[in-house]
Structures are given as C-alpha cells and as structure tokens.
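Report on the structure given below.
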Amino acid sequence: MAKKIGFIGAGNMAEAMIKGIMATKLYSANEIIASEVYESRRKYIGDTLKIEVCADNADVAKAAKLIVLSVKPQHVTDVLASLKGILTKDHLVVSILAGVTTAFLESNEPACRFVRVMPNQPCLVLASASAFARGSKATADDCAVVDRILKAVGISYEVKEELLDAVTGLSGSGPAYAYMMIEALSDGGVLMGLPRDVSTALAAQTLYGAAKTILETGEQPGKMKDIVCSPGGTTIEAVKVLEEFGLRSALINAVEASAMRSKELGKK
C-alpha cells in the first residue's frame, strides 16, 4: 500500500518525530511506514504508534516517495547499498544523521534529492528546534515539504550545510544540557528541603517559563536576567556563584565539543 512518508530506522528520534507529526495530524498512522532491524523494537513501534512496521528497508522505499533516513550514521553506507536500484529521482530523502553530508549521500545515491536535517528530541512534545540544509538537487518545493514537517513539531530554520554541525552542538544535543540543569536545580531544591516531585516540577517549569519569555518577547536573555537580579538581592548572589563555577563557559564549551564531534563523524 502506498504511504505518504516512510522512516528507515525507527529509533528514539524517529519515534519522537512520528508521534509529533501524528499529534498535529500532518500524517495519519495509515499514511506512515517504518523499517526497523530489531524485532522487539518493531513490535513496540507497531503496538505503540499503530503504524506499519517492516524489517526490510526496501519495503519502505517502495511504499513511500518521502523518506526519513534515521539509522545510526555508521550504518548509512550499508543501508544505502541495500537500496541501490530502488531509490529514484522521484524520492526525496530527508537525512537526520549527525555529521553525514549531503555530498556523501549524493555520491552513494546520485539519483535522489537529499535534504539534511538536525531535529531534536522535544519534537515528541511539539517543541522541537530544528534546522535543515538542502542538497545540490533539492528543490524549493522539497525544502517547503521539509519545513512544513519540522514546523509541525516545533520551529525550523534553513541554514548553510556547514552550519549544521553547530546546530548539532546547540539544539541537537541541547536537550541533554537542559535535562541536566533541571536535574541539578531539582537536587538543589531537595537539598533545601523540597519534596522531589515539587522540586522537579518547579525546576522544569522555571526553564520552560524562561524559554517561553525569550521566544515570545524577543528580548535578549541578558536583559531579562538583569531584570530578575535586584540590587543586593538573592538572584545576583546566585548569579555570582554560577559565574565563579563557570556555568556559561561550560555550556559554550559543551556546544563546541558536540559540534566538533559531529564534524568528526562526518569524516568517517
């Protein structure tokens, strides 16, 4: 049966994207197909998402002309080799593989149109921060399709491909940094006597509220930080401690480290 979109690889990110696009009704369950090598994972995805799941990548490529390539980067060569003669000029392939360039993809499948995407895990709750770059054969219509999918689950920006490693370091890996901050803030609340559930909820809502404020007001984070810091008050005292322990430099270095790792993956 023909499908509107197919996923080659049904790991955590693919699952999050599928849940997001189904939640926004961009595609329904019967319009989606996915392949997955592990039988237990196939059963989980099929039972949980109610979509068609198969073991053979070729079945996905035969069923859908819009393909999301979501395997591990180290497996991409073998996966593309298995699809030789099946992928055609009619296929738009959206790659979410960190570090894998469109030039590499096109060298393995010259007929296809490729768009490289770096989404992030909060697409699960329709709050993804994504960026994409077009390959040499991708059209404006192709980019519009990709942009529509990404905006269904969050925000989306088209960037030059050489900037996608920076996107990986910032928003691709960024949810992990945020979860660590929520966990640490919650620990701090527990240290000071708050129940764990209350402390975690307050920590998460605080980060959510601060992020929402920046997105909706368009103000610079530094300005909003200054508004919270009353002269001689509690917050500026806390900010002094964060500066002493290098919070900002740690986050900057984390983004750099992730981006550099993405570049390394692209060279392998």
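Quick note on naming: the chains in the structure tokens go A, B, ... in the order shown, residues restart at 1 in each chain, and ligands are numbered from 1 in order of appearance.
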
| Shell of 6 Å around region 112-117 of chain A, only C-alpha atoms, local chain residues under 4 positions omitted, as number ranges by chain | A: 88-89, 91-96, 131-135, 137-138

| request: Apply DSSP to the structure's backbone, then extract all residues of region 3-139 of chain A labelled strand (DSSP E or B) and return them as a PyMOL selection string. | output: chain A and resi 3+5-8+32-35+52-54+64+66-69+92-95+113-118+128-134

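With only C-alpha atoms taken into account, the protein and nucleic acid residues at most 8 Å from Ala16 (chain A) (excluding it and anything under 4 positions from it in its own chain) are Asn12, Gly20, Gln121, Pro122, Cys123 and Leu124 of chain A.
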
| request: Check region 39-268 of chain A with DSSP on the backbone and list each residue it calls alpha helix (DSSP H), as a PyMOL selection string. | output: chain A and resi 39-49+57-63+76-82+102-108+140-152+164-167+174-191+196-217+221-228+234-244+247-266

Any chance you could tabulate, as a tab-separated table, the residues of region 115-188 of chain A at most 6 Å from region 244-264 of chain A with each one's nearest atom pair and distance in Å to one decimal, using only C-alpha atoms, in chain and rising number order?
```
residue	atom	partner	partner_atom	distance
A:Asp165	CA	A:Ala259	CA	4.8
A:Ala166	CA	A:Ala259	CA	5.1
A:Thr168	CA	A:Ala259	CA	5.9
A:Gly169	CA	A:Ala259	CA	4.3
A:Leu170	CA	A:Val255	CA	5.3
```

| said: Between A:Pro175, A:Pro110, A:Pro195, A:Gly9, which residue has the minimum interatomic distance to Ile45 (chain A), considering only C-alpha atoms? | reply: A:Gly9

Find the residues near Asn30 (chain A): any atom within 12 Å, counting only C-alpha atoms, skip ones fewer than 2 places away on the same chain, and give them as a PDB file with C-alpha atoms, in the first residue's frame.
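What follows is the written file out-v3.pdb:
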```
ATOM      1  CA  MET A   1       0.000   0.000   0.000  1.00  0.00           C
ATOM      2  CA  ALA A   2       1.325   3.458  -0.918  1.00  0.00           C
ATOM      3  CA  LYS A   3       2.311   5.674   2.002  1.00  0.00           C
ATOM      4  CA  LYS A   4       2.933   9.396   2.249  1.00  0.00           C
ATOM      5  CA  ILE A   5       6.058   9.164   4.411  1.00  0.00           C
ATOM      6  CA  GLY A   6       8.460   6.393   5.383  1.00  0.00           C
ATOM      7  CA  ILE A  18       6.315  10.199  14.167  1.00  0.00           C
ATOM      8  CA  MET A  22       0.675  12.345  14.089  1.00  0.00           C
ATOM      9  CA  LYS A  25      -2.449  15.437  12.071  1.00  0.00           C
ATOM     10  CA  LEU A  26       0.101  16.213   9.357  1.00  0.00           C
ATOM     11  CA  TYR A  27       0.130  12.477   8.613  1.00  0.00           C
ATOM     12  CA  SER A  28      -2.114   9.781   9.999  1.00  0.00           C
ATOM     13  CA  ILE A  32       3.250   6.178   7.647  1.00  0.00           C
ATOM     14  CA  ILE A  33       5.555   3.184   7.272  1.00  0.00           C
ATOM     15  CA  ALA A  34       8.817   2.436   9.095  1.00  0.00           C
ATOM     16  CA  GLY A  46       3.807  -1.096  15.756  1.00  0.00           C
ATOM     17  CA  LEU A  49       2.133   4.038  17.180  1.00  0.00           C
ATOM     18  CA  LYS A  50      -0.206   1.769  15.220  1.00  0.00           C
ATOM     19  CA  ILE A  51       1.783   2.285  12.005  1.00  0.00           C
ATOM     20  CA  GLU A  52       3.017  -0.323   9.549  1.00  0.00           C
ATOM     21  CA  VAL A  53       6.477  -1.558  10.555  1.00  0.00           C
ATOM     22  CA  ALA A  63       5.921   2.293  -0.396  1.00  0.00           C
TER      23      ALA A  63
END
```

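Counting from CA of Tyr157 (chain A), the distance to CA of Leu215 (chain A) is 14.6 Å.
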